[in-house]
Amino acid sequence: MIPATKPPKRRDEAKMLIVHAKEGSIRDALVVDLPDALRPGDLLIVNDAATLPASLFAKTPSGAPLEIRLLQHAGGSDWKATLLGAGDWRTPTELRNPPERVETGSILCIAEGFTAEVIDIAPDSERLGTIRFSRQGVDMWTGIYAYGRPIQYAYLKSDLALWSVQTAYASRPWAIEMPSAGRPLSWQILLELKRRNVRIAWLTHAAGISSIGDQNLDARLPFPEAFEIPQPTINAIAETQVRGGRIIAVGTTVVRALEGCAAQNNGTLLGGIRKTDLVIRRGFRPSVVNGLLTGLHDPTETHFQLLEAFADEMTLRTVWRHATSAGYLCHEFGDVCLIV
Amino acid sequence: MEVKNKSVLITGGSRGLGRALGITLAREGARVVLVARGLDELARTVEEIRLAGGEAYGIAADLGDKNSIYPLTGEAAALVGPIDILIQNASTLGALPLQLLLDTDCEDLEETLQVNLIGPFRLAKVIVGSMVLRQTGMMISITSDAGVEAYSGWGAYGVSKAALDHLTRVFAVELQDTGVTFFSIDPGEMDTRMHADAIPSADPATLAKPTDVARRILEVIQQGKRIPNGSRVILSEVELVQ
């Protein structure tokens, strides 16, 4: 399938393939048709995490270029991070050189007055470690936003601006990469859903990095990710379930947060900031989510395995073949697929 | 809307009305993010709020620069969480001394619109979506009677405020019944540096104090449900419960 190589001019100009999992049937539609595809009483849940400018270029103490990709805020000025060697996003991550070896205590210079100290490096990979920014609080965030760029993708035609990687409802900057299934949802669509009595709720999930470029580390993705399900969303889920409506997750990050939380608590959803290490694969039986709006994923991707919790492999392969032949676009700025 | 424990973002927050609003809302228990171009004045206001026991952060940014919008909103949400109350207070008079429209450079009009209209629009686009999602929030645009009355010499500023008023009204119409409310507030003439820049001959004793105006705006926020959504509130005329 061809990747979308730039953000579309209009947020909601994307195609949507509707998949009826039980029947194994598929139908071509547009994302603006979403209100027709859902039913009154359904509940659509989005991830409202804004996307961080998580990629920062720096120099090692010897002057060698290095790219820091933030993975997870570890509290205070500390971040779990992946380190890449010289080069930029035009080279696929897996082909990027490893970073020059840096030791614990090394200072990585991002800009004058903004550095990062290496706190630890994973014993099994020089690409993984913890850094501590030289600034704290508001000054740290100002530094990240001043010198960071959104993580870029090798299939893109040009640099991504920060506004290109945000959903229409994004708030706290928790996501390392854009929760992309929600990117095509315009307020025109969301308000039309509300008019038709499809409720909309939210959670925040720290969508993590999609690739580190080290086979062993990539096999361990996704790493544990933070999430928060607010009480109004927990209530809305319970009310929807009682009334027989469907819970539709926008993106696999929403599935991970809801199912991860339920799995940790014997099926109960709890508020507060939590972390999940749940990896959803074929055979997983969702206990909360009934349907999913998602990007189109290659059968070789781990996301594809997650989709097998919602539709059988044969149906998903049919989806993939049809989407490829019908000119659907894949990846972050591409088309979407609604599995119900 | 109660302001205790709410996240508030105020543009033009380092001095004048913005500063007074920051102090007033922080005193009521709000988490306040102040945005202004100059870091020094901003830091002093933030320090003043903190010394009084309030929670405040300062972000230096130019609203007329589109590249500043996502960084400032991202930083604000990282520090205080989703914004509940957005106060669009920053504005510029344009070229000084004030000039007739025929003498106003097109670039000066453009710059005035960038700060007074386009910047607030960009900010609203980023922040209001999250309010609609959460079904709660308020956006206040600080306006001026120059946006209604045609005063000679106030063309660029007046045009920008008229447009900001209308922007605010259209938001209210498009997002009615979403739980998010929109007001323009005309605070009247105040003893601020901006007023002195515009009318150097004005007697400060005849002008309202920003602190008193901020207290009155707090009442509008608290009693927002009593005021029709999308209203242009003239602060000296609005009837509030004391």
# chains A, B, ... in the order shown; residues from 1 in each chain; ligands from 1
call {"tool": "interface_residues", "arguments": {"of": "chain A", "to": "chain B", "cutoff": "7 Å", "atoms": "only C-alpha atoms", "output": "PyMOL selection string"}}
result
chain A and resi 141-142+145+162-163+168-173
call {"tool": "residues_around", "arguments": {"residues": "range 194-199 of chain B", "least_positions_apart": "4", "cutoff": "9 Å", "atoms": "only C-alpha atoms", "output": "PyMOL selection string"}}
result
chain B and resi 16+92-93+96-98+154+189-190+204
call {"tool": "write_last_selection", "arguments": {"atoms": "C-alpha atoms", "output": "JSON list (two decimals), in the first residue's frame"}}
result
[["chain", "number", "residue", "atom", "x", "y", "z"],
["B", 16, "GLY", "CA", -1.86, 45.92, 32.99],
["B", 92, "THR", "CA", -1.37, 45.97, 20.19],
["B", 93, "LEU", "CA", -2.49, 49.45, 19.18],
["B", 96, "LEU", "CA", 2.18, 54.97, 17.54],
["B", 97, "PRO", "CA", 1.22, 57.73, 17.71],
["B", 98, "LEU", "CA", -2.17, 56.60, 16.44],
["B", 154, "TRP", "CA", -8.08, 54.05, 16.04],
["B", 189, "GLU", "CA", -10.78, 52.76, 29.89],
["B", 190, "MET", "CA", -8.06, 51.66, 32.31],
["B", 204, "PRO", "CA", -4.87, 58.46, 35.20]]
call {"tool": "select_by_dssp", "arguments": {"residues": "range 4-235 of chain B", "states": "strand (DSSP E)", "output": "ChimeraX atom specification"}}
result
/B:7-11,31-36,55-60,85-88,137-142,180-186,232-234
call {"tool": "write_last_selection", "arguments": {"atoms": "N, CA and C atoms", "output": "tab-separated table (two decimals), in the first residue's frame"}}
result
chain	number	residue	atom	x	y	z
B	7	SER	N	-7.46	25.54	35.26
B	7	SER	CA	-6.27	25.97	34.53
B	7	SER	C	-6.65	27.15	33.65
B	8	VAL	N	-5.90	28.22	33.81
B	8	VAL	CA	-6.23	29.46	33.10
B	8	VAL	C	-5.02	29.92	32.30
B	9	LEU	N	-5.25	30.27	31.05
B	9	LEU	CA	-4.17	30.85	30.24
B	9	LEU	C	-4.55	32.28	29.89
B	10	ILE	N	-3.66	33.21	30.22
B	10	ILE	CA	-3.92	34.63	29.98
B	10	ILE	C	-2.82	35.18	29.08
B	11	THR	N	-3.22	35.72	27.94
B	11	THR	CA	-2.21	36.35	27.07
B	11	THR	C	-2.06	37.82	27.48
B	31	ARG	N	-4.80	27.67	38.60
B	31	ARG	CA	-3.42	27.48	38.12
B	31	ARG	C	-3.27	28.37	36.88
B	32	VAL	N	-2.40	29.34	36.99
B	32	VAL	CA	-2.38	30.40	35.97
B	32	VAL	C	-1.12	30.31	35.10
B	33	VAL	N	-1.34	30.36	33.80
B	33	VAL	CA	-0.22	30.49	32.86
B	33	VAL	C	-0.32	31.85	32.20
B	34	LEU	N	0.73	32.64	32.36
B	34	LEU	CA	0.76	33.98	31.78
B	34	LEU	C	1.67	33.95	30.55
B	35	VAL	N	1.18	34.55	29.48
B	35	VAL	CA	1.96	34.59	28.25
B	35	VAL	C	2.21	36.06	27.90
B	36	ALA	N	3.43	36.38	27.57
B	36	ALA	CA	3.75	37.74	27.13
B	36	ALA	C	5.07	37.69	26.36
B	55	GLU	N	-0.30	29.69	42.26
B	55	GLU	CA	0.43	28.86	41.30
B	55	GLU	C	0.42	29.58	39.96
B	56	ALA	N	1.59	29.90	39.46
B	56	ALA	CA	1.67	30.63	38.19
B	56	ALA	C	2.93	30.24	37.43
B	57	TYR	N	2.83	30.33	36.12
B	57	TYR	CA	3.95	30.05	35.23
B	57	TYR	C	3.97	31.13	34.16
B	58	GLY	N	5.15	31.47	33.70
B	58	GLY	CA	5.26	32.46	32.64
B	58	GLY	C	5.87	31.85	31.39
B	59	ILE	N	5.26	32.11	30.26
B	59	ILE	CA	5.80	31.63	28.98
B	59	ILE	C	6.00	32.84	28.07
B	60	ALA	N	7.23	33.03	27.62
B	60	ALA	CA	7.51	34.15	26.72
B	60	ALA	C	7.19	33.72	25.29
B	85	ILE	N	-9.96	27.90	31.10
B	85	ILE	CA	-10.35	29.29	30.81
B	85	ILE	C	-9.23	29.94	30.00
B	86	LEU	N	-9.59	30.42	28.84
B	86	LEU	CA	-8.63	31.10	27.97
B	86	LEU	C	-9.00	32.58	27.92
B	87	ILE	N	-8.10	33.43	28.34
B	87	ILE	CA	-8.37	34.87	28.31
B	87	ILE	C	-7.47	35.53	27.27
B	88	GLN	N	-8.10	35.94	26.19
B	88	GLN	CA	-7.38	36.55	25.06
B	88	GLN	C	-7.26	38.04	25.35
B	137	GLY	N	-15.60	24.78	29.58
B	137	GLY	CA	-14.54	25.74	29.27
B	137	GLY	C	-15.12	27.10	28.95
B	138	MET	N	-14.25	28.07	28.94
B	138	MET	CA	-14.68	29.45	28.66
B	138	MET	C	-13.55	30.18	27.94
B	139	MET	N	-13.96	30.93	26.91
B	139	MET	CA	-12.98	31.81	26.26
B	139	MET	C	-13.48	33.24	26.38
B	140	ILE	N	-12.61	34.10	26.87
B	140	ILE	CA	-12.94	35.52	27.01
B	140	ILE	C	-12.01	36.32	26.11
B	141	SER	N	-12.61	37.15	25.27
B	141	SER	CA	-11.80	38.05	24.43
B	141	SER	C	-11.93	39.45	25.02
B	142	ILE	N	-10.82	40.02	25.37
B	142	ILE	CA	-10.86	41.39	25.88
B	142	ILE	C	-10.94	42.35	24.69
B	180	VAL	N	-19.12	24.88	26.35
B	180	VAL	CA	-18.07	25.89	26.29
B	180	VAL	C	-18.72	27.24	26.00
B	181	THR	N	-18.35	28.26	26.76
B	181	THR	CA	-18.96	29.58	26.58
B	181	THR	C	-17.92	30.60	26.12
B	182	PHE	N	-18.43	31.59	25.43
B	182	PHE	CA	-17.57	32.61	24.80
B	182	PHE	C	-18.13	33.99	25.12
B	183	PHE	N	-17.28	34.86	25.62
B	183	PHE	CA	-17.67	36.25	25.85
B	183	PHE	C	-16.59	37.18	25.32
B	184	SER	N	-17.06	38.33	24.80
B	184	SER	CA	-16.14	39.46	24.63
B	184	SER	C	-16.40	40.35	25.83
B	185	ILE	N	-15.38	40.87	26.41
B	185	ILE	CA	-15.57	41.79	27.54
B	185	ILE	C	-14.89	43.12	27.23
B	186	ASP	N	-15.71	44.18	27.26
B	186	ASP	CA	-15.17	45.53	27.11
B	186	ASP	C	-14.91	46.08	28.52
B	232	ARG	N	-21.40	40.29	24.13
B	232	ARG	CA	-20.35	41.30	24.25
B	232	ARG	C	-20.66	42.04	25.54
B	233	VAL	N	-19.89	41.78	26.56
B	233	VAL	CA	-20.19	42.28	27.91
B	233	VAL	C	-19.49	43.62	28.12
B	234	ILE	N	-20.29	44.66	28.37
B	234	ILE	CA	-19.69	45.95	28.73
B	234	ILE	C	-19.60	45.95	30.25
call {"tool": "select_by_dssp", "arguments": {"residues": "range 207-305 of chain A", "states": "alpha helix (DSSP H)", "output": "CSV table (one decimal) with N, CA and C atoms, in the first residue's frame"}}
result
chain,number,residue,atom,x,y,z
A,215,GLN,N,16.8,-4.2,16.3
A,215,GLN,CA,15.9,-5.3,16.2
A,215,GLN,C,15.4,-5.8,17.5
A,216,ASN,N,16.3,-5.9,18.4
A,216,ASN,CA,16.0,-6.5,19.8
A,216,ASN,C,15.0,-5.6,20.5
A,217,LEU,N,15.3,-4.3,20.4
A,217,LEU,CA,14.5,-3.3,21.1
A,217,LEU,C,13.1,-3.2,20.4
A,218,ASP,N,13.1,-3.2,19.1
A,218,ASP,CA,11.9,-3.0,18.4
A,218,ASP,C,10.9,-4.2,18.7
A,219,ALA,N,11.5,-5.4,19.0
A,219,ALA,CA,10.7,-6.6,19.3
A,219,ALA,C,10.0,-6.4,20.6
A,231,GLN,N,-12.9,10.1,35.1
A,231,GLN,CA,-14.1,9.5,35.6
A,231,GLN,C,-15.3,9.7,34.7
A,232,PRO,N,-15.5,10.8,34.0
A,232,PRO,CA,-16.7,11.0,33.1
A,232,PRO,C,-16.6,9.9,32.0
A,233,THR,N,-15.4,9.5,31.6
A,233,THR,CA,-15.3,8.5,30.5
A,233,THR,C,-15.7,7.1,31.1
A,234,ILE,N,-15.2,6.8,32.3
A,234,ILE,CA,-15.6,5.6,33.0
A,234,ILE,C,-17.1,5.5,33.1
A,235,ASN,N,-17.7,6.6,33.5
A,235,ASN,CA,-19.2,6.6,33.7
A,235,ASN,C,-19.9,6.4,32.3
A,236,ALA,N,-19.4,7.1,31.3
A,236,ALA,CA,-20.0,7.0,30.0
A,236,ALA,C,-19.9,5.5,29.4
A,237,ILE,N,-18.8,4.9,29.7
A,237,ILE,CA,-18.6,3.5,29.3
A,237,ILE,C,-19.7,2.6,29.9
A,238,ALA,N,-19.8,2.8,31.3
A,238,ALA,CA,-20.8,2.0,32.0
A,238,ALA,C,-22.2,2.2,31.5
A,239,GLU,N,-22.5,3.5,31.3
A,239,GLU,CA,-23.9,3.8,30.8
A,239,GLU,C,-24.1,3.2,29.4
A,240,THR,N,-23.1,3.3,28.6
A,240,THR,CA,-23.3,2.8,27.2
A,240,THR,C,-23.5,1.3,27.2
A,241,GLN,N,-22.7,0.6,28.1
A,241,GLN,CA,-22.8,-0.8,28.2
A,241,GLN,C,-24.2,-1.3,28.7
A,242,VAL,N,-24.7,-0.6,29.7
A,242,VAL,CA,-26.0,-0.9,30.2
A,242,VAL,C,-27.1,-0.8,29.1
A,252,THR,N,-5.4,2.4,18.3
A,252,THR,CA,-5.0,1.3,19.2
A,252,THR,C,-4.5,1.8,20.6
A,253,THR,N,-4.1,3.0,20.7
A,253,THR,CA,-3.7,3.5,22.0
A,253,THR,C,-4.9,3.6,23.0
A,254,VAL,N,-6.1,3.9,22.4
A,254,VAL,CA,-7.3,3.8,23.3
A,254,VAL,C,-7.6,2.4,23.7
A,255,VAL,N,-7.4,1.5,22.8
A,255,VAL,CA,-7.6,0.1,23.1
A,255,VAL,C,-6.7,-0.4,24.2
A,256,ARG,N,-5.4,0.0,24.0
A,256,ARG,CA,-4.4,-0.4,25.0
A,256,ARG,C,-4.7,0.2,26.4
A,257,ALA,N,-5.1,1.4,26.5
A,257,ALA,CA,-5.4,2.0,27.8
A,257,ALA,C,-6.6,1.4,28.4
A,258,LEU,N,-7.7,1.2,27.7
A,258,LEU,CA,-8.9,0.6,28.2
A,258,LEU,C,-8.7,-0.8,28.6
A,259,GLU,N,-8.2,-1.6,27.7
A,259,GLU,CA,-8.1,-3.0,28.0
A,259,GLU,C,-6.9,-3.3,29.0
A,260,GLY,N,-5.9,-2.4,28.9
A,260,GLY,CA,-4.8,-2.6,29.9
A,260,GLY,C,-5.3,-2.3,31.3
A,261,CYS,N,-6.2,-1.3,31.4
A,261,CYS,CA,-6.7,-0.9,32.7
A,261,CYS,C,-7.6,-2.0,33.2
A,262,ALA,N,-8.5,-2.5,32.3
A,262,ALA,CA,-9.4,-3.5,32.7
A,262,ALA,C,-8.7,-4.8,33.1
A,263,ALA,N,-7.6,-5.1,32.4
A,263,ALA,CA,-6.9,-6.4,32.7
A,263,ALA,C,-6.2,-6.3,34.0
A,264,GLN,N,-5.8,-5.0,34.4
A,264,GLN,CA,-5.0,-4.9,35.7
A,264,GLN,C,-6.0,-5.0,36.9
A,302,THR,N,3.1,-4.9,14.0
A,302,THR,CA,2.5,-5.4,15.3
A,302,THR,C,1.1,-4.9,15.4
A,303,HIS,N,0.8,-3.7,14.8
A,303,HIS,CA,-0.6,-3.2,14.9
A,303,HIS,C,-1.6,-4.2,14.3
A,304,PHE,N,-1.1,-4.8,13.2
A,304,PHE,CA,-2.0,-5.8,12.5
A,304,PHE,C,-2.4,-6.9,13.5
A,305,GLN,N,-1.4,-7.3,14.3
A,305,GLN,CA,-1.7,-8.4,15.3
A,305,GLN,C,-2.7,-7.9,16.3
call {"tool": "closest_residue", "arguments": {"among": "A:Thr294, A:Ser180, A:Gln152, A:Thr324", "to": "Phe310 in chain A", "atoms": "only C-alpha atoms"}}
result
A:Thr294
call {"tool": "residues_around", "arguments": {"residues": "His20 in chain A", "least_positions_apart": "4", "cutoff": "9 Å", "atoms": "only C-alpha atoms", "output": "PyMOL selection string"}}
result
chain A and resi 24-27+311+338-340
call {"tool": "residues_around", "arguments": {"residues": "Arg44 in chain B", "least_positions_apart": "5", "cutoff": "9 Å", "atoms": "only C-alpha atoms", "output": "number ranges by chain"}}
result
B: 14, 39, 49
call {"tool": "residues_around", "arguments": {"residues": "range 186-199 of chain A", "least_positions_apart": "4", "cutoff": "6 Å", "atoms": "only C-alpha atoms", "output": "JSON, numbers by chain"}}
result
{"A": [12, 35, 40, 41, 42, 43]}
call {"tool": "atom_distance", "arguments": {"atom1": "CA of Gly63 in chain A", "atom2": "CA of Gly148 in chain A"}}
result
19.0 Å
